[in-house]
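Report on the structure given below.
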Amino acid sequence: MATLVSDQTLVKKTQAERRSSHHLQDLPIQVVGGYGTYSYFKNSFYQKRATNVSKEQFNNAITSKLDVKSLALSSNTIRLADCGCAVGPNTFNAMLDLIEIIKQKYRSQCPDSHMPEFQVFFNDQSSNDFNTLFTSLPEEPGYFVAGVPGSFHKRLFPEKFLHLVHVSYALHWLSKVPEDLVNKNSPAWNKGRILYAFAPEEVRKAYANQFDKDLENFLNARAKEIVQGGMMIITNPSIPDGMPFSEIANGLMYDCMGNILYDMAKSGLLNEAEVDAFNLPIYSCPPGEFAAVVERNGNFSIEAMGLTNPSPWLKGRINMPEYVKHVRAATEAMFNKHFSPEITDEMFRQLVDRMEEINEKMVSCYRDGVQLFAVLQRN
């Protein structure tokens with residue numbers, strides 16, 4: 001079992017490495033790069049399995065709604081983008097699946113025509129480990145490749161350029177932490193928590209309002225870039241309308257994280273005010289809120305949408321060390337930006353033990369509808 005250095009040494013390191021002028025609005029939304037123990041490349045299998053749950057719905061939507069013949073007539077190249085691609089390998093599998101279903105549709109519409117070429121644009125934040133992404137690219141992927149660094153909440157491509165956009169487990173990352181969460185004079189001050197499980201409704205609304213703004217910006221940007229009739233395929237963490245976040249497994253897990261950090265503060269390993277200043281920029285949007293933003297925006301029609309169970313394969317107890325490694329691969333950078341690496345490492349070490357204590361509760365949590373799938377078509 002991993003052990004800490006002495007408390008006194010850890011406090012000194014924490015204080016020395018802490019960036020007192022840091023603002024949570026600058027938290028890096030990036031996964032752990034490379035091929036190490038906690039890398040996203042080695043710890044994203046759960047996300048792959050979760051995304052595959054909705055594959056049939058996506059294939060049906062493309063087959064029935066996407067006019068590949070018209071798209072191919074206007075361009076000899078079908079252009080796809082994966083927004084929030086991370087470092088692989090999931091993004092490569094997703095792109096291959098989408099290209100294959102598009103090819104099938106094209107063969108049915110144009111049996112005697114030459115197959116168009118395909119180009120895929122992999123997008124993520126500039127700080128994303130694109131080196132790992134492209135060194136792990138299949139030798140002959142079957143399509144032309146380009147990387148596009150930058151926030152997908154802004155414009156990334158020329159007008160009327162893309163035919164299909166894929167977004168998987170990315171839209172729940174907010175562009176920034178709502179400022180009211182760290183304002184002591186606000187009813188949304190989130191003291192004692194790092195997310196909104198078990199929080200007052202004002203805290204959840206602050207998160208929801210930021211997601212609303214971010215989704216609106218995302219839709220406006222993609223509306224400029226996607227051709228008429230083009231599509232967006234979206235998979236995202238979600239929750240049924242009206243259900244408290246504390247009733248699902250992720251809510252319990254993030255609550256455990258916050259409790260561990262507060263226990264560490266009480267033992268003198270860090271300052272309680274430092275914990276109060278930390279909030280994760282994550283929001284699991286319910287389908288009603290998601291649909292309301294899309295409909296108000298008016299640039300896209302909802303061709304398919306629903307909630308699914310992202311882990312129908314899960315039977316019995318959860319492998320907590322494996323589960324926590326997947327969580328760490330996605331969130332470690334944000335913790336390390338605010339806390340010292342020693343604090344982050346200890347938090348995740350304790351998280352395994354805390355989660356093991358509530359393993360049965362996690363398994364029994366509601367999970368039939370905690371993943372949103374949506375197919376949007378450009379009007």
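Chain labels run A, B, ... following the order of the structure tokens; each chain numbers its residues from 1, and ligands are numbered from 1 in the order shown.
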Per-residue nearest contacts stretch 166-273 of chain A to stretch 138-158 of chain A, cut-off 12 Å, using only C-alpha atoms, as JSON lines:
{"residue": "A:His166", "atom": "CA", "partner": "A:Phe152", "partner_atom": "CA", "distance": 11.6}
{"residue": "A:Val167", "atom": "CA", "partner": "A:Phe152", "partner_atom": "CA", "distance": 9.9}
{"residue": "A:Ala170", "atom": "CA", "partner": "A:Phe152", "partner_atom": "CA", "distance": 9.6}
{"residue": "A:Leu171", "atom": "CA", "partner": "A:Phe152", "partner_atom": "CA", "distance": 9.1}
{"residue": "A:His172", "atom": "CA", "partner": "A:His153", "partner_atom": "CA", "distance": 11.9}
{"residue": "A:Trp173", "atom": "CA", "partner": "A:His153", "partner_atom": "CA", "distance": 10.6}
{"residue": "A:Leu174", "atom": "CA", "partner": "A:His153", "partner_atom": "CA", "distance": 9.4}
{"residue": "A:Ser175", "atom": "CA", "partner": "A:His153", "partner_atom": "CA", "distance": 7.5}
{"residue": "A:Lys176", "atom": "CA", "partner": "A:His153", "partner_atom": "CA", "distance": 11.1}
{"residue": "A:Gln210", "atom": "CA", "partner": "A:His153", "partner_atom": "CA", "distance": 12.0}
{"residue": "A:Phe211", "atom": "CA", "partner": "A:His153", "partner_atom": "CA", "distance": 10.9}
{"residue": "A:Asp212", "atom": "CA", "partner": "A:His153", "partner_atom": "CA", "distance": 11.6}
{"residue": "A:Lys213", "atom": "CA", "partner": "A:His153", "partner_atom": "CA", "distance": 9.5}
{"residue": "A:Asp214", "atom": "CA", "partner": "A:His153", "partner_atom": "CA", "distance": 6.3}
{"residue": "A:Leu215", "atom": "CA", "partner": "A:His153", "partner_atom": "CA", "distance": 7.6}
{"residue": "A:Glu216", "atom": "CA", "partner": "A:His153", "partner_atom": "CA", "distance": 8.5}
{"residue": "A:Asn217", "atom": "CA", "partner": "A:His153", "partner_atom": "CA", "distance": 5.4}
{"residue": "A:Phe218", "atom": "CA", "partner": "A:His153", "partner_atom": "CA", "distance": 4.5}
{"residue": "A:Leu219", "atom": "CA", "partner": "A:His153", "partner_atom": "CA", "distance": 8.2}
{"residue": "A:Asn220", "atom": "CA", "partner": "A:Lys154", "partner_atom": "CA", "distance": 8.4}
{"residue": "A:Ala221", "atom": "CA", "partner": "A:Arg155", "partner_atom": "CA", "distance": 4.9}
{"residue": "A:Arg222", "atom": "CA", "partner": "A:Arg155", "partner_atom": "CA", "distance": 7.2}
{"residue": "A:Ala223", "atom": "CA", "partner": "A:Arg155", "partner_atom": "CA", "distance": 9.6}
{"residue": "A:Lys224", "atom": "CA", "partner": "A:Pro158", "partner_atom": "CA", "distance": 7.8}
{"residue": "A:Glu225", "atom": "CA", "partner": "A:Pro158", "partner_atom": "CA", "distance": 5.8}
{"residue": "A:Ile226", "atom": "CA", "partner": "A:Phe157", "partner_atom": "CA", "distance": 9.0}
{"residue": "A:Val227", "atom": "CA", "partner": "A:Pro158", "partner_atom": "CA", "distance": 10.5}
Those of stretch 72-134 of chain A in DSSP strand (DSSP E or B), formatted as JSON, numbers by chain: {"A": [77, 78, 79, 80, 81, 82, 83, 117, 118, 119, 120, 121, 122, 123, 124]}
Write a file of the just-selected residues containing N, CA, C and O atoms, as a short mmCIF file (atom, residue, chain, number, x, y, z; two decimals), in the first residue's frame.
data_model
loop_
_atom_site.label_atom_id
_atom_site.label_comp_id
_atom_site.auth_asym_id
_atom_site.auth_seq_id
_atom_site.Cartn_x
_atom_site.Cartn_y
_atom_site.Cartn_z
N THR A 77 -15.20 14.57 -50.78
CA THR A 77 -14.66 14.11 -49.50
C THR A 77 -15.69 14.31 -48.40
O THR A 77 -16.25 15.40 -48.25
N ILE A 78 -15.97 13.25 -47.64
CA ILE A 78 -16.84 13.34 -46.46
C ILE A 78 -15.95 13.68 -45.27
O ILE A 78 -15.01 12.95 -44.96
N ARG A 79 -16.27 14.79 -44.62
CA ARG A 79 -15.43 15.27 -43.52
C ARG A 79 -16.13 15.09 -42.17
O ARG A 79 -17.27 15.53 -41.98
N LEU A 80 -15.44 14.42 -41.26
CA LEU A 80 -15.93 14.17 -39.90
C LEU A 80 -15.02 14.85 -38.89
O LEU A 80 -13.82 15.04 -39.15
N ALA A 81 -15.56 15.19 -37.74
CA ALA A 81 -14.76 15.74 -36.65
C ALA A 81 -15.16 15.05 -35.35
O ALA A 81 -16.34 14.79 -35.12
N ASP A 82 -14.15 14.74 -34.53
CA ASP A 82 -14.41 14.24 -33.19
C ASP A 82 -14.01 15.33 -32.21
O ASP A 82 -12.82 15.62 -32.03
N CYS A 83 -14.99 15.98 -31.60
CA CYS A 83 -14.74 17.07 -30.67
C CYS A 83 -14.55 16.51 -29.26
O CYS A 83 -15.43 15.84 -28.74
N GLU A 117 -13.87 9.95 -50.65
CA GLU A 117 -12.80 9.85 -49.66
C GLU A 117 -13.30 10.41 -48.33
O GLU A 117 -14.30 11.12 -48.26
N PHE A 118 -12.56 10.08 -47.28
CA PHE A 118 -12.95 10.52 -45.93
C PHE A 118 -11.78 11.24 -45.27
O PHE A 118 -10.62 10.86 -45.43
N GLN A 119 -12.13 12.28 -44.54
CA GLN A 119 -11.14 13.00 -43.75
C GLN A 119 -11.69 13.20 -42.35
O GLN A 119 -12.85 13.58 -42.17
N VAL A 120 -10.85 12.92 -41.35
CA VAL A 120 -11.25 13.04 -39.95
C VAL A 120 -10.40 14.07 -39.25
O VAL A 120 -9.16 14.05 -39.36
N PHE A 121 -11.05 14.97 -38.54
CA PHE A 121 -10.37 16.00 -37.76
C PHE A 121 -10.52 15.66 -36.28
O PHE A 121 -11.64 15.54 -35.78
N PHE A 122 -9.40 15.51 -35.60
CA PHE A 122 -9.40 15.20 -34.17
C PHE A 122 -9.19 16.49 -33.38
O PHE A 122 -8.13 17.12 -33.48
N ASN A 123 -10.19 16.85 -32.61
CA ASN A 123 -10.14 18.11 -31.86
C ASN A 123 -10.11 17.89 -30.35
O ASN A 123 -10.82 17.04 -29.83
N ASP A 124 -9.30 18.67 -29.70
CA ASP A 124 -9.32 18.75 -28.24
C ASP A 124 -8.57 20.02 -27.83
O ASP A 124 -8.06 20.75 -28.69
#
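When atom CA of A:Lys361 is paired with atom CA of A:Asp255, their separation reads 13.6 Å.
Separating atom CA of A:Lys48 from atom CA of A:Ser127 is a distance of 22.3 Å.
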Can you pull out the residues contacting A:Thr51? Cut-off 9 Å, using only C-alpha atoms, and skip same-chain residues under 2 positions away; I want them as a PyMOL selection string. chain A and resi 46-49+53-55+94+168-169+235-236+310+371+373
Using N, CA, C and O atoms, can you write the selected residues to a file as a PDB file, in the first residue's frame?
ATOM      1  N   TYR A  46     -13.865   1.755 -19.962  1.00  0.00           N
ATOM      2  CA  TYR A  46     -15.248   1.923 -19.517  1.00  0.00           C
ATOM      3  C   TYR A  46     -16.002   2.880 -20.428  1.00  0.00           C
ATOM      4  O   TYR A  46     -17.172   2.660 -20.761  1.00  0.00           O
ATOM      5  N   GLN A  47     -15.332   3.969 -20.834  1.00  0.00           N
ATOM      6  CA  GLN A  47     -15.977   4.928 -21.735  1.00  0.00           C
ATOM      7  C   GLN A  47     -16.299   4.291 -23.079  1.00  0.00           C
ATOM      8  O   GLN A  47     -17.359   4.549 -23.666  1.00  0.00           O
ATOM      9  N   LYS A  48     -15.406   3.451 -23.563  1.00  0.00           N
ATOM     10  CA  LYS A  48     -15.646   2.765 -24.833  1.00  0.00           C
ATOM     11  C   LYS A  48     -16.878   1.876 -24.742  1.00  0.00           C
ATOM     12  O   LYS A  48     -17.754   1.908 -25.623  1.00  0.00           O
ATOM     13  N   ARG A  49     -16.956   1.092 -23.680  1.00  0.00           N
ATOM     14  CA  ARG A  49     -18.103   0.197 -23.527  1.00  0.00           C
ATOM     15  C   ARG A  49     -19.397   0.985 -23.356  1.00  0.00           C
ATOM     16  O   ARG A  49     -20.451   0.597 -23.863  1.00  0.00           O
ATOM     17  N   VAL A  53     -22.985   1.288 -26.142  1.00  0.00           N
ATOM     18  CA  VAL A  53     -24.371   0.981 -25.789  1.00  0.00           C
ATOM     19  C   VAL A  53     -25.341   1.646 -26.769  1.00  0.00           C
ATOM     20  O   VAL A  53     -26.393   1.086 -27.096  1.00  0.00           O
ATOM     21  N   SER A  54     -24.980   2.826 -27.266  1.00  0.00           N
ATOM     22  CA  SER A  54     -25.873   3.587 -28.150  1.00  0.00           C
ATOM     23  C   SER A  54     -25.543   3.425 -29.635  1.00  0.00           C
ATOM     24  O   SER A  54     -26.109   4.136 -30.462  1.00  0.00           O
ATOM     25  N   LYS A  55     -24.660   2.513 -29.949  1.00  0.00           N
ATOM     26  CA  LYS A  55     -24.222   2.377 -31.337  1.00  0.00           C
ATOM     27  C   LYS A  55     -25.388   2.071 -32.284  1.00  0.00           C
ATOM     28  O   LYS A  55     -25.471   2.618 -33.388  1.00  0.00           O
ATOM     29  N   ALA A  94     -14.351   4.873 -32.767  1.00  0.00           N
ATOM     30  CA  ALA A  94     -15.604   5.573 -33.054  1.00  0.00           C
ATOM     31  C   ALA A  94     -15.639   6.077 -34.487  1.00  0.00           C
ATOM     32  O   ALA A  94     -16.662   5.962 -35.180  1.00  0.00           O
ATOM     33  N   SER A 168     -18.276  12.550 -27.713  1.00  0.00           N
ATOM     34  CA  SER A 168     -18.527  11.488 -26.740  1.00  0.00           C
ATOM     35  C   SER A 168     -17.846  11.812 -25.416  1.00  0.00           C
ATOM     36  O   SER A 168     -16.634  12.029 -25.367  1.00  0.00           O
ATOM     37  N   TYR A 169     -18.637  11.847 -24.350  1.00  0.00           N
ATOM     38  CA  TYR A 169     -18.118  12.108 -23.009  1.00  0.00           C
ATOM     39  C   TYR A 169     -17.210  13.337 -22.987  1.00  0.00           C
ATOM     40  O   TYR A 169     -16.092  13.306 -22.476  1.00  0.00           O
ATOM     41  N   THR A 235     -22.867  11.575 -27.159  1.00  0.00           N
ATOM     42  CA  THR A 235     -23.027  10.719 -25.983  1.00  0.00           C
ATOM     43  C   THR A 235     -22.496  11.487 -24.782  1.00  0.00           C
ATOM     44  O   THR A 235     -21.406  12.058 -24.848  1.00  0.00           O
ATOM     45  N   ASN A 236     -23.247  11.513 -23.695  1.00  0.00           N
ATOM     46  CA  ASN A 236     -22.842  12.332 -22.562  1.00  0.00           C
ATOM     47  C   ASN A 236     -23.395  11.764 -21.253  1.00  0.00           C
ATOM     48  O   ASN A 236     -24.494  11.193 -21.239  1.00  0.00           O
ATOM     49  N   PRO A 310     -25.219   2.994 -19.118  1.00  0.00           N
ATOM     50  CA  PRO A 310     -23.886   2.878 -19.714  1.00  0.00           C
ATOM     51  C   PRO A 310     -23.135   1.618 -19.333  1.00  0.00           C
ATOM     52  O   PRO A 310     -22.099   1.309 -19.916  1.00  0.00           O
ATOM     53  N   GLN A 371     -26.976   7.982 -19.007  1.00  0.00           N
ATOM     54  CA  GLN A 371     -26.188   8.325 -20.191  1.00  0.00           C
ATOM     55  C   GLN A 371     -27.131   8.811 -21.291  1.00  0.00           C
ATOM     56  O   GLN A 371     -28.086   8.124 -21.645  1.00  0.00           O
ATOM     57  N   PHE A 373     -27.954   9.845 -25.129  1.00  0.00           N
ATOM     58  CA  PHE A 373     -27.552   9.778 -26.539  1.00  0.00           C
ATOM     59  C   PHE A 373     -28.448  10.732 -27.317  1.00  0.00           C
ATOM     60  O   PHE A 373     -29.640  10.875 -27.015  1.00  0.00           O
TER      61      PHE A 373
END
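Ranking A:Ala199, A:Ala304, A:Ile248, A:Ala329 by their shortest atom-to-atom distance to A:Gln30, with only C-alpha atoms included, puts A:Ala329 first.
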Every residue of stretch 100-307 of chain A that DSSP places in alpha helix (DSSP H), as a PyMOL selection string: chain A and resi 100-109+130-135+201-225+249-266+272-276+287-297
Got time to write the residues from that selection, C-alpha atoms, as a tab-separated table (two decimals), in the first residue's frame?
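Final file, part16.tsv:
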chain	number	residue	atom	x	y	z
A	100	GLU	CA	-18.32	2.19	-42.06
A	101	ILE	CA	-22.03	2.97	-41.56
A	102	ILE	CA	-21.72	5.97	-43.91
A	103	LYS	CA	-20.11	3.72	-46.52
A	104	GLN	CA	-22.95	1.23	-46.19
A	105	LYS	CA	-25.49	4.00	-46.68
A	106	TYR	CA	-23.60	5.32	-49.70
A	107	ARG	CA	-23.46	1.86	-51.30
A	108	SER	CA	-27.23	1.53	-50.89
A	109	GLN	CA	-27.88	4.99	-52.36
A	130	PHE	CA	-1.71	15.01	-29.42
A	131	ASN	CA	1.66	13.25	-29.62
A	132	THR	CA	0.22	10.16	-27.93
A	133	LEU	CA	-2.91	10.47	-30.05
A	134	PHE	CA	-1.11	10.44	-33.37
A	135	THR	CA	1.65	7.98	-32.48
A	201	GLU	CA	-30.53	23.74	-5.42
A	202	GLU	CA	-28.78	27.09	-6.00
A	203	VAL	CA	-25.50	25.23	-6.52
A	204	ARG	CA	-27.01	22.86	-9.07
A	205	LYS	CA	-28.61	25.80	-10.88
A	206	ALA	CA	-25.25	27.58	-11.11
A	207	TYR	CA	-23.82	24.49	-12.81
A	208	ALA	CA	-26.91	24.14	-15.03
A	209	ASN	CA	-26.74	27.78	-16.12
A	210	GLN	CA	-23.09	27.45	-17.11
A	211	PHE	CA	-23.84	24.27	-19.07
A	212	ASP	CA	-26.71	26.10	-20.80
A	213	LYS	CA	-24.34	28.88	-21.93
A	214	ASP	CA	-21.66	26.41	-23.02
A	215	LEU	CA	-24.06	24.24	-25.00
A	216	GLU	CA	-25.50	27.32	-26.70
A	217	ASN	CA	-21.99	28.42	-27.73
A	218	PHE	CA	-21.17	24.90	-28.91
A	219	LEU	CA	-24.33	24.69	-31.04
A	220	ASN	CA	-23.79	28.14	-32.56
A	221	ALA	CA	-20.21	27.27	-33.52
A	222	ARG	CA	-21.12	23.91	-35.04
A	223	ALA	CA	-24.12	25.43	-36.85
A	224	LYS	CA	-21.69	27.59	-38.81
A	225	GLU	CA	-19.41	24.67	-39.61
A	249	ALA	CA	-22.99	6.41	-8.50
A	250	ASN	CA	-21.03	9.36	-9.86
A	251	GLY	CA	-22.66	11.66	-7.32
A	252	LEU	CA	-21.56	9.39	-4.48
A	253	MET	CA	-18.06	9.13	-5.90
A	254	TYR	CA	-17.52	12.90	-6.20
A	255	ASP	CA	-18.95	13.36	-2.71
A	256	CYS	CA	-16.36	10.88	-1.42
A	257	MET	CA	-13.61	12.93	-3.10
A	258	GLY	CA	-14.76	16.08	-1.32
A	259	ASN	CA	-15.02	14.33	2.04
A	260	ILE	CA	-11.48	12.99	1.71
A	261	LEU	CA	-10.08	16.44	0.95
A	262	TYR	CA	-11.89	17.89	3.97
A	263	ASP	CA	-10.59	15.13	6.21
A	264	MET	CA	-7.09	15.91	4.97
A	265	ALA	CA	-7.66	19.58	5.79
A	266	LYS	CA	-8.83	18.71	9.30
A	272	GLU	CA	-9.74	24.19	4.46
A	273	ALA	CA	-10.08	27.42	2.47
A	274	GLU	CA	-8.11	25.80	-0.32
A	275	VAL	CA	-10.63	22.97	-0.48
A	276	ASP	CA	-13.52	25.45	-0.44
A	287	PRO	CA	-32.50	15.33	-21.25
A	288	GLY	CA	-35.18	17.96	-20.64
A	289	GLU	CA	-32.60	20.70	-20.11
A	290	PHE	CA	-30.55	19.48	-23.08
A	291	ALA	CA	-33.56	19.45	-25.42
A	292	ALA	CA	-34.66	22.90	-24.25
A	293	VAL	CA	-31.30	24.44	-25.24
A	294	VAL	CA	-31.30	22.71	-28.63
A	295	GLU	CA	-34.86	23.78	-29.40
A	296	ARG	CA	-34.24	27.36	-28.28
A	297	ASN	CA	-31.10	27.51	-30.40
Could you list, with a cut-off of 8 Å and counting only C-alpha atoms, the residues of stretch 83-175 of chain A near stretch 35-43 of chain A, each shown with its nearest atom pair and the distance in Å rounded to one decimal, rows sorted by chain and ascending number, as a tab-separated table?
residue	atom	partner	partner_atom	distance
A:Ala86	CA	A:Tyr40	CA	7.9
A:Val87	CA	A:Phe41	CA	6.2
A:Gly88	CA	A:Phe41	CA	5.7
A:Pro89	CA	A:Phe41	CA	6.3
A:Thr132	CA	A:Tyr35	CA	7.8
So what do you get for atom CA of A:Ala197 versus atom CA of A:Phe245, distance-wise? 5.2 Å
Which of these residues is nearest to A:Met320, using only C-alpha atoms: A:Asp368, A:Asp353, A:Asp67, A:Asp180? A:Asp353
